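Student: Please see the structure below; I have some questions.
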There are 2 protein chains.
Amino acid sequence: MSRHASEHVVGLHGAGGEVMGELIRELVLPRFRVRAAGPVGLDALDDGAVLTPPPGELVITTDSHVVKPLFFPGGDIGRLAACGAVNDLAVMGARPWVCTLALVLEEGFPLRDLRTIVNSCAEVLSELGVALVAGDTKVMGRGEVDGLVINTTGLGVAARVVTDSGLRSGDRIVVTGPVGDHGMALMAARAELKLEGGLASDVAPVWSLVARALAVGGITAMKDPTRGGLAAALNEMARKAGVGIEIEGAAVPVRSDVRGLAELLGIDPWQVACEGRVVLGVHPDTVQGVVEALRADPQGLDAVVIGVVTDAYAGRVIVDTGVGGRRFLDMPLGDPVPRIC
Amino acid sequence: MSRHASEHVVGLHGAGGEVMGELIRELVLPRFRVRAAGPVGLDALDDGAVLTPPPGELVITTDSHVVKPLFFPGGDIGRLAACGAVNDLAVMGARPWVCTLALVLEEGFPLRDLRTIVNSCAEVLSELGVALVAGDTKVMGRGEVDGLVINTTGLGVAARVVTDSGLRSGDRIVVTGPVGDHGMALMAARAELKLEGGLASDVAPVWSLVARALAVGGITAMKDPTRGGLAAALNEMARKAGVGIEIEGAAVPVRSDVRGLAELLGIDPWQVACEGRVVLGVHPDTVQGVVEALRADPQGLDAVVIGVVTDAYAGRVIVDTGVGGRRFLDMPLGDPVPRIC
């Protein structure tokens, strides 16, 4: 039994050298099915990996994950960190291809938890065939970091890149499922609320959904509504394209338990992060086909048109409240839930 | 004056949305001279950047930086984070090309310090012409992270990749300058020791040095001796190539103030991290030319041959102590200095 395994907690590993090497070789490497995407892969444990990109446009994204708690209904920080990388690639129209994983651990972090978290991350990447090609592990002292922070950087390859600025007047706005689940599940977990129906995070890779939509065609813009939720995503898309977006309020799917808890806490569920949804701008000619294609995927059963892009109110988002009223939907100052992702 | 500027400390920014956007646009974007390496760059603030790689082999590396203190003689965490990425690429034989920057900040972190740190990072990347293409900022609560953690992921392009496993019997081992400066400077800073001569970190980008060596040719392996220092780098190189390395102890350059402090603290300076040095394996036919080329660079004035690769003692490092003795140089269990990088 190795030194660290007998300790059951993270010790000296982050300081480099012999003990660190053992942790990586035993705990991390074997969990990831694909560990190379070119002549030098992760197993070489060299200073870097050498990649051979497939044809297409190369897309890169990076995110650090500080979610609290580390384990929550529907997932954990490992699943979140993997999805954070691959979903940012997916909404650029890129098939996730390789990923890096950098762990910052608090001394004394339980190795059993670390194993679970690394497994969750590996599960997502392995399912998608994404290669883990580079990694890093650092340890901070007790009280110097709250458990674990994970950075993932992803590379993807797109046949045609889709930006978040491509909306055109007449496009329809589609969302692939109910909004606010991730943030509200976290809030419930923090408050240790026992809710009926099992409120859970929606954290999931969205590439299969996105691939279905892209296959139909007419996708003009995409974004995953993470921090700041649907409200932030729509405002950014409207601003960047210099168009207005009219949202039919009643059409926006929100689960009843999410809505209930949000009301209880005085939070707007449209401002709360999702981690497995996509907001799409779709040409009117293909929107029916896109929605049908999305609904054919288990993750897209509730895909629905929620609005239309207009020339009026350039850069703004308008909501038809359904009771004869109209209001601006503002860009949130910040996500109402700290450490949401 | 924006909301955050009037606060002078990091507040809500990490939660996404309006305030976050301001921080990025004002504080981060303008500091970096190159912000695109393809059709979609950092300024688009999209979910990812789109890259157009130049010809050559694509190399990737990732590192999180948790150095303590954040400011130290010779540098700060921003300079360290930039060098951490570009140097790992350089020792793979790759010209640093693009970088990502992910900040995890403690709530209340002074914006003035953040500006200085971001500037230090930008200075290194701008000097090398490396594009900052993607970023992320998260905020943790007070006491949830010790100030600031930075992840950098770099991509580089190599005409010919150099691994750390390519040593062959007869190769000479070259080091580009004195070892242990970074770690000992940190130790001195932590202990608030006032030392004569101004012990300072060697943190610096090594690409110009490496490029000179590659231009001469005959480079069989490279590594930057960071965590675990020269001892870890040599042991890894010997193990991976299945060769022995004989080091002439007296030839290894160590500054007198570094040696003095190391002795005082009971630390082996060969086990202490450098952040601006390179260990090279060089074919005997070109080693003289390589050393001369390195010495022509201001960073390589003290470049020197410290040993030779042998068939004996495969996987081990032997030190000739210069007083008639020989000893094994072991792989350090961990860097003697925690949070060294």
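FYI, nothing fancy with the structure tokens labels: chains A, B, ... in order, residues from 1 per chain, ligands from 1 as they appear.
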Stretch 201-218 of chain B: which residues within 7 Å, counting only C-alpha atoms, same-chain residues fewer than 6 positions away excluded, as a ChimeraX atom specification?
Tutor: /B:73-75,80,83,86-87,90,95,181-182,185,274-277,282-283,286,289-290,293-294,297,300
Student: List as JSON lines every residue of chain A that is in contact with chain B, defined as an atom at most 6 Å from one of its atoms (using only C-alpha atoms), together with the nearest atom pair and the distance in Å rounded to one decimal, sorted by chain and then rising number.
Tutor:
```
{"residue": "A:Ala15", "atom": "CA", "partner": "B:Asp335", "partner_atom": "CA", "distance": 4.9}
{"residue": "A:Gly16", "atom": "CA", "partner": "B:Gly334", "partner_atom": "CA", "distance": 4.9}
{"residue": "A:Gly17", "atom": "CA", "partner": "B:Gly334", "partner_atom": "CA", "distance": 4.5}
{"residue": "A:Glu18", "atom": "CA", "partner": "B:Leu333", "partner_atom": "CA", "distance": 4.6}
{"residue": "A:Val19", "atom": "CA", "partner": "B:Leu333", "partner_atom": "CA", "distance": 5.7}
{"residue": "A:Asp47", "atom": "CA", "partner": "B:Asp88", "partner_atom": "CA", "distance": 5.3}
{"residue": "A:Gly48", "atom": "CA", "partner": "B:Thr61", "partner_atom": "CA", "distance": 4.5}
{"residue": "A:Ala49", "atom": "CA", "partner": "B:Ile60", "partner_atom": "CA", "distance": 5.3}
{"residue": "A:Val50", "atom": "CA", "partner": "B:Val59", "partner_atom": "CA", "distance": 4.4}
{"residue": "A:Leu51", "atom": "CA", "partner": "B:Leu58", "partner_atom": "CA", "distance": 5.3}
{"residue": "A:Leu58", "atom": "CA", "partner": "B:Leu51", "partner_atom": "CA", "distance": 5.3}
{"residue": "A:Val59", "atom": "CA", "partner": "B:Val50", "partner_atom": "CA", "distance": 4.4}
{"residue": "A:Ile60", "atom": "CA", "partner": "B:Ala49", "partner_atom": "CA", "distance": 5.3}
{"residue": "A:Thr61", "atom": "CA", "partner": "B:Gly48", "partner_atom": "CA", "distance": 4.6}
{"residue": "A:Asp63", "atom": "CA", "partner": "B:Asp136", "partner_atom": "CA", "distance": 5.5}
{"residue": "A:Asp88", "atom": "CA", "partner": "B:Asp47", "partner_atom": "CA", "distance": 5.2}
{"residue": "A:Ala134", "atom": "CA", "partner": "B:Thr61", "partner_atom": "CA", "distance": 5.9}
{"residue": "A:Asp136", "atom": "CA", "partner": "B:Asp63", "partner_atom": "CA", "distance": 5.5}
{"residue": "A:Glu144", "atom": "CA", "partner": "B:Asp146", "partner_atom": "CA", "distance": 4.9}
{"residue": "A:Val145", "atom": "CA", "partner": "B:Val145", "partner_atom": "CA", "distance": 4.3}
{"residue": "A:Asp146", "atom": "CA", "partner": "B:Glu144", "partner_atom": "CA", "distance": 5.0}
{"residue": "A:Arg227", "atom": "CA", "partner": "B:Gly16", "partner_atom": "CA", "distance": 5.3}
{"residue": "A:Gly228", "atom": "CA", "partner": "B:Gly17", "partner_atom": "CA", "distance": 5.7}
{"residue": "A:Pro332", "atom": "CA", "partner": "B:Gly17", "partner_atom": "CA", "distance": 5.4}
{"residue": "A:Leu333", "atom": "CA", "partner": "B:Glu18", "partner_atom": "CA", "distance": 4.6}
{"residue": "A:Gly334", "atom": "CA", "partner": "B:Gly17", "partner_atom": "CA", "distance": 4.5}
{"residue": "A:Asp335", "atom": "CA", "partner": "B:Ala15", "partner_atom": "CA", "distance": 4.9}
{"residue": "A:Pro338", "atom": "CA", "partner": "B:Ala15", "partner_atom": "CA", "distance": 5.9}
```
Student: What residues in stretch 104-157 of chain B get the DSSP label strand (DSSP E)? Please answer as a list in words.
Tutor: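 So, restricting stretch 104-157 of chain B to strand (DSSP E), we get Val104, Leu105, Glu106, Ala131, Leu132, Val133, Ala134, Gly135, Asp136, Thr137, Lys138, Val139, Met140, Leu148, Val149, Ile150, Asn151, Thr152, Thr153, Gly154, Leu155, Gly156 and Val157 of chain B.
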Student: Extract, using only C-alpha atoms, all DNA, RNA and protein residues at most 12 Å from B:Ile318, discarding same-chain residues fewer than 4 positions from it, and format them as a list in words.
Tutor: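 Once the adjacent positions are removed, what remains is Ala231, Leu234, Asn235, Ala238, Val243, Gly244, Ile245, Glu246, Ile247, Glu248, Gly249, Ile306, Gly307, Val308, Val309, Thr310, Ala312, Tyr313, Ala314, Gly325, Arg326, Arg327, Phe328, Leu329, Asp330 and Met331 of chain B.
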Student: I need the residues in stretch 118-336 of chain A that are helix (DSSP H, G or I) according to DSSP; give them as a PyMOL selection string.
Tutor: chain A and resi 118-128+181-190+207-216+229-241+249-251+256-265+269-271+287-295+298-300
